[in-house]
Amino acid sequence: MQFKKILLTFTTALIGAVSFAVNQTQTIQAASDEWSEPVVTLGTSLTASQKQGTLDTLTASLNGADYSTITVDGSTLVKYLNPSGATFTTNSGVWSSAMVQKTSAGSGINVKILSYNGQNNITTITANQYKNAAVTAGVSDANIYVTSATPIDGSGALAGVYAAFAQNGDSLSQSQVTAAQNEMSTLSDITQANKDKDGYSDAQLNNAVAEAKKEMAAKGDNVTNNQITTIVNNQIENNNLTNIITNNQKTAIINMLIKIRDSGALNSSSFKDQAAKVADNIQNNAKDIFNKVNTEENRNFIQKIGIAIGNFFKSLFETVQSWF
């Protein structure tokens with residue numbers, strides 16, 4: 001009997017020790033997902049005063065905490081952006097800059113474009129476009145701040161984000177980065193073409209794309225072209241863009257998502273979660289837009305017919321019941 005008690009005590013202690021060791025390993029693994037400090041990427045074309053102003057702008061939220069810096073030059077643009085069809089050279093100038101702050105697993109991707117001396121100098125790429133491109137490229141769980149000392153499209157900042165992840169050992173797939181750049185170009189062109197149309201917003205387009213990615217990830221990397229087409233049609237409808245997005249633009253979105261599938265992005269276990277969090281983030285940051293999108297008046301014609309038919313049969317059923 002005494003021996004059994006000793007054995008039971010030993011076994012309990014051993015189980016506890018193993019459990020502690022597993023928990024510690026999980027904690028270490030979770031902690032390793034976070035960087036030791038944020039990384040600031042600085043465009044090589046900045047003057048000394050612009051460099052300091054950029055640092056002050058990007059690191060204001062750190063309240064004096066440490067950060068590291070890397071310089072983004074023409075070679076960085078060529079390495080990360082040219083495979084998608086861009087035509088940068090090693091002599092290309094870079095002004096747009098970024099700060100990347102890795103966050104805990106599951107927190108998602110958050111992007112904020114910061115004004116430089118009171119002016120937003122990122123002229124082309126929107127915060128939502130940065131978010132979607134980051135998901136496709138394989139970036140996960142990060143706060144990304146972007147600014148520029150001079151008006152510029154913002155490509156240098158995005159290349160800097162990729163370089164920051166590479167510096168911290170989080171190498172990104174070039175095929176996914178290329179797909180992300182194609183996505184950035186496609187969405188930017190569509191927003192530029194529709195920006196003055198009533199009922200259109202960049203948030204609606206990027207939410208549709210993020211939701212489409214989430215659906216694609218749920219189906220897996222064998223999702224077919226026809227399934228992607230159906231997903232795109234549904235998301236354009238859900239985001240009240242049916243009468244705005246042209247057939248050519250819809251085809252461009254479908255082809256863009258096919259390239260994302262073919263890049264291998266859907267193989268990532270975190271892709272679906274990151275896409276879902278981006279969609280939630282977009283909707284939360286543009287509640288006024290999505291509240292209007294989801295009103296009764298903005299439901300599409302087919303939805304209204306379906307609701308009307310449902311209500312008719314419900315009323316008919318209730319009437320028949322009253323006869324008995």
# chains A, B, ... in the order shown; residues from 1 in each chain; ligands from 1
call {"tool": "closest_atom_pairs", "arguments": {"of": "segment 63-105 of chain A", "to": "segment 175-181 of chain A", "cutoff": "8 Å", "atoms": "only C-alpha atoms", "output": "JSON lines"}}
result
{"residue": "A:Tyr80", "atom": "CA", "partner": "A:Val177", "partner_atom": "CA", "distance": 7.0}
{"residue": "A:Leu81", "atom": "CA", "partner": "A:Gln181", "partner_atom": "CA", "distance": 6.7}
{"residue": "A:Pro83", "atom": "CA", "partner": "A:Thr178", "partner_atom": "CA", "distance": 6.0}
{"residue": "A:Ser84", "atom": "CA", "partner": "A:Thr178", "partner_atom": "CA", "distance": 4.7}
call {"tool": "select_by_dssp", "arguments": {"residues": "segment 107-286 of chain A", "states": "strand (DSSP E)", "output": "ChimeraX atom specification"}}
result
/A:109-113,142-147
call {"tool": "atom_distance", "arguments": {"atom1": "atom CA of Asn239 of chain A", "atom2": "atom CA of Leu205 of chain A"}}
result
7.5 Å
call {"tool": "select_by_dssp", "arguments": {"residues": "segment 19-223 of chain A", "states": "alpha helix (DSSP H)", "output": "ChimeraX atom specification"}}
result
/A:19-32,48-58,74-81,127-137,155-167,174-194,202-219
call {"tool": "closest_residue", "arguments": {"among": "A:Ser269, A:Ser92, A:Thr59, A:Gln101", "to": "Gly74 of chain A", "atoms": "only C-alpha atoms"}}
result
A:Ser92
call {"tool": "closest_residue", "arguments": {"among": "A:Gly118, A:Gly264, A:Gly199, A:Gly64", "to": "Thr150 of chain A", "atoms": "only C-alpha atoms"}}
result
A:Gly118
call {"tool": "closest_residue", "arguments": {"among": "A:Ser45, A:Asn291, A:Gln167, A:Ser185", "to": "Gly85 of chain A", "atoms": "only C-alpha atoms"}}
result
A:Ser185
call {"tool": "atom_distance", "arguments": {"atom1": "atom CA of Asp262 of chain A", "atom2": "atom CA of Ala137 of chain A"}}
result
12.6 Å
call {"tool": "closest_residue", "arguments": {"among": "A:Asn238, A:Val94, A:Ile258, A:Ala208", "to": "Thr224 of chain A", "atoms": "only C-alpha atoms"}}
result
A:Ile258
call {"tool": "residues_around", "arguments": {"residues": "Glu215 of chain A", "least_positions_apart": "5", "cutoff": "12 Å", "atoms": "only C-alpha atoms", "output": "list in words"}}
result
Ala208, Val209, Ala210, Gly220, Asp221, Val223, Gln227, Ile228, Thr229, Thr230, Ile231, Val232, Asn234, Gln235, Leu257, Arg261, Leu266, Phe271, Lys272, Asp273, Ala275, Ala276 and Ala279 of chain A
call {"tool": "write_last_selection", "arguments": {"atoms": "N, CA and C atoms", "output": "PDB file, in the first residue's frame"}}
result
ATOM      1  N   ALA A 208     -14.223  43.264 -49.638  1.00  0.00           N
ATOM      2  CA  ALA A 208     -14.653  42.189 -50.539  1.00  0.00           C
ATOM      3  C   ALA A 208     -13.503  41.236 -50.825  1.00  0.00           C
ATOM      4  N   VAL A 209     -12.318  41.788 -51.040  1.00  0.00           N
ATOM      5  CA  VAL A 209     -11.146  40.960 -51.345  1.00  0.00           C
ATOM      6  C   VAL A 209     -10.720  40.151 -50.120  1.00  0.00           C
ATOM      7  N   ALA A 210     -10.700  40.782 -48.959  1.00  0.00           N
ATOM      8  CA  ALA A 210     -10.313  40.073 -47.739  1.00  0.00           C
ATOM      9  C   ALA A 210     -11.281  38.931 -47.437  1.00  0.00           C
ATOM     10  N   GLY A 220      -9.390  25.681 -49.505  1.00  0.00           N
ATOM     11  CA  GLY A 220      -8.066  25.098 -49.700  1.00  0.00           C
ATOM     12  C   GLY A 220      -7.447  25.485 -51.026  1.00  0.00           C
ATOM     13  N   ASP A 221      -6.187  25.071 -51.228  1.00  0.00           N
ATOM     14  CA  ASP A 221      -5.453  25.509 -52.410  1.00  0.00           C
ATOM     15  C   ASP A 221      -5.922  24.839 -53.706  1.00  0.00           C
ATOM     16  N   VAL A 223      -9.032  25.195 -54.656  1.00  0.00           N
ATOM     17  CA  VAL A 223     -10.213  25.966 -55.043  1.00  0.00           C
ATOM     18  C   VAL A 223     -10.127  26.249 -56.545  1.00  0.00           C
ATOM     19  N   GLN A 227     -15.043  28.403 -58.792  1.00  0.00           N
ATOM     20  CA  GLN A 227     -15.396  28.714 -57.401  1.00  0.00           C
ATOM     21  C   GLN A 227     -14.931  30.119 -57.027  1.00  0.00           C
ATOM     22  N   ILE A 228     -13.742  30.500 -57.492  1.00  0.00           N
ATOM     23  CA  ILE A 228     -13.239  31.848 -57.224  1.00  0.00           C
ATOM     24  C   ILE A 228     -14.141  32.886 -57.877  1.00  0.00           C
ATOM     25  N   THR A 229     -14.595  32.602 -59.086  1.00  0.00           N
ATOM     26  CA  THR A 229     -15.506  33.517 -59.777  1.00  0.00           C
ATOM     27  C   THR A 229     -16.800  33.702 -58.989  1.00  0.00           C
ATOM     28  N   THR A 230     -17.344  32.599 -58.492  1.00  0.00           N
ATOM     29  CA  THR A 230     -18.568  32.677 -57.688  1.00  0.00           C
ATOM     30  C   THR A 230     -18.334  33.486 -56.417  1.00  0.00           C
ATOM     31  N   ILE A 231     -17.213  33.248 -55.765  1.00  0.00           N
ATOM     32  CA  ILE A 231     -16.867  33.978 -54.543  1.00  0.00           C
ATOM     33  C   ILE A 231     -16.782  35.475 -54.821  1.00  0.00           C
ATOM     34  N   VAL A 232     -16.128  35.838 -55.915  1.00  0.00           N
ATOM     35  CA  VAL A 232     -15.978  37.262 -56.260  1.00  0.00           C
ATOM     36  C   VAL A 232     -17.339  37.885 -56.541  1.00  0.00           C
ATOM     37  N   ASN A 234     -20.216  37.022 -55.391  1.00  0.00           N
ATOM     38  CA  ASN A 234     -20.945  37.157 -54.122  1.00  0.00           C
ATOM     39  C   ASN A 234     -20.411  38.308 -53.288  1.00  0.00           C
ATOM     40  N   GLN A 235     -19.101  38.451 -53.234  1.00  0.00           N
ATOM     41  CA  GLN A 235     -18.523  39.504 -52.401  1.00  0.00           C
ATOM     42  C   GLN A 235     -18.752  40.893 -52.994  1.00  0.00           C
ATOM     43  N   LEU A 257      -6.932  36.971 -57.757  1.00  0.00           N
ATOM     44  CA  LEU A 257      -7.114  35.947 -56.729  1.00  0.00           C
ATOM     45  C   LEU A 257      -6.605  34.586 -57.202  1.00  0.00           C
ATOM     46  N   ARG A 261      -3.872  32.271 -55.283  1.00  0.00           N
ATOM     47  CA  ARG A 261      -3.968  30.820 -55.067  1.00  0.00           C
ATOM     48  C   ARG A 261      -2.716  30.115 -55.579  1.00  0.00           C
ATOM     49  N   LEU A 266      -2.374  30.077 -49.942  1.00  0.00           N
ATOM     50  CA  LEU A 266      -3.438  29.371 -49.225  1.00  0.00           C
ATOM     51  C   LEU A 266      -2.921  28.200 -48.408  1.00  0.00           C
ATOM     52  N   PHE A 271      -3.249  32.030 -42.985  1.00  0.00           N
ATOM     53  CA  PHE A 271      -3.770  32.909 -44.037  1.00  0.00           C
ATOM     54  C   PHE A 271      -5.241  33.253 -43.814  1.00  0.00           C
ATOM     55  N   LYS A 272      -6.060  32.235 -43.556  1.00  0.00           N
ATOM     56  CA  LYS A 272      -7.494  32.448 -43.362  1.00  0.00           C
ATOM     57  C   LYS A 272      -7.747  33.364 -42.178  1.00  0.00           C
ATOM     58  N   ASP A 273      -7.053  33.128 -41.078  1.00  0.00           N
ATOM     59  CA  ASP A 273      -7.241  33.925 -39.869  1.00  0.00           C
ATOM     60  C   ASP A 273      -6.814  35.370 -40.098  1.00  0.00           C
ATOM     61  N   ALA A 275      -6.661  36.964 -42.997  1.00  0.00           N
ATOM     62  CA  ALA A 275      -7.612  37.598 -43.916  1.00  0.00           C
ATOM     63  C   ALA A 275      -8.890  37.996 -43.184  1.00  0.00           C
ATOM     64  N   ALA A 276      -9.364  37.117 -42.293  1.00  0.00           N
ATOM     65  CA  ALA A 276     -10.579  37.411 -41.522  1.00  0.00           C
ATOM     66  C   ALA A 276     -10.371  38.618 -40.630  1.00  0.00           C
ATOM     67  N   ALA A 279     -10.467  41.801 -42.660  1.00  0.00           N
ATOM     68  CA  ALA A 279     -11.854  42.165 -42.981  1.00  0.00           C
ATOM     69  C   ALA A 279     -12.529  42.820 -41.779  1.00  0.00           C
TER      70      ALA A 279
END
call {"tool": "atom_distance", "arguments": {"atom1": "atom CA of Ala166 of chain A", "atom2": "atom CA of Lys214 of chain A"}}
result
25.3 Å
call {"tool": "residues_around", "arguments": {"residues": "segment 193-196 of chain A", "least_positions_apart": "6", "cutoff": "9 Å", "atoms": "only C-alpha atoms", "output": "list of chain:residue names"}}
result
A:Asp202, A:Ile244, A:Ile245
call {"tool": "write_last_selection", "arguments": {"atoms": "all heavy atoms", "output": "CSV table (one decimal), in the first residue's frame"}}
result
chain,number,residue,atom,x,y,z
A,202,ASP,N,-12.9,52.6,-51.1
A,202,ASP,CA,-11.8,51.7,-51.1
A,202,ASP,C,-12.0,50.6,-50.0
A,202,ASP,O,-11.6,49.4,-50.2
A,202,ASP,CB,-10.4,52.4,-50.9
A,202,ASP,CG,-9.2,51.5,-50.8
A,202,ASP,OD1,-8.8,51.1,-51.9
A,202,ASP,OD2,-8.7,51.3,-49.7
A,244,ILE,N,-21.2,49.2,-59.7
A,244,ILE,CA,-20.0,50.1,-59.8
A,244,ILE,C,-18.8,49.3,-60.5
A,244,ILE,O,-18.2,49.9,-61.4
A,244,ILE,CB,-19.6,50.6,-58.4
A,244,ILE,CG1,-20.7,51.5,-57.8
A,244,ILE,CG2,-18.3,51.4,-58.5
A,244,ILE,CD1,-20.5,51.9,-56.4
A,245,ILE,N,-18.5,48.2,-60.0
A,245,ILE,CA,-17.4,47.4,-60.6
A,245,ILE,C,-17.8,46.9,-62.0
A,245,ILE,O,-18.8,46.3,-62.2
A,245,ILE,CB,-17.1,46.2,-59.7
A,245,ILE,CG1,-16.6,46.6,-58.3
A,245,ILE,CG2,-16.0,45.3,-60.3
A,245,ILE,CD1,-15.4,47.5,-58.3
call {"tool": "closest_residue", "arguments": {"among": "A:Ala163, A:Asp198, A:Ile289, A:Lys102", "to": "Asn243 of chain A", "atoms": "only C-alpha atoms"}}
result
A:Asp198
call {"tool": "residues_around", "arguments": {"residues": "Ser61 of chain A", "least_positions_apart": "4", "cutoff": "12 Å", "atoms": "only C-alpha atoms", "output": "list in words"}}
result
Pro38, Leu55, Asp56, Thr57, Ala65, Asp66, Tyr67, Met99, Gln101, Lys112, Leu114, Asn143, Ile144 and Tyr145 of chain A
call {"tool": "residues_around", "arguments": {"residues": "Asn121 of chain A", "least_positions_apart": "6", "cutoff": "8 Å", "atoms": "only C-alpha atoms", "output": "list in words"}}
result
Ser115, Thr147, Ser148, Ala149, Thr150, Pro151 and Ile152 of chain A
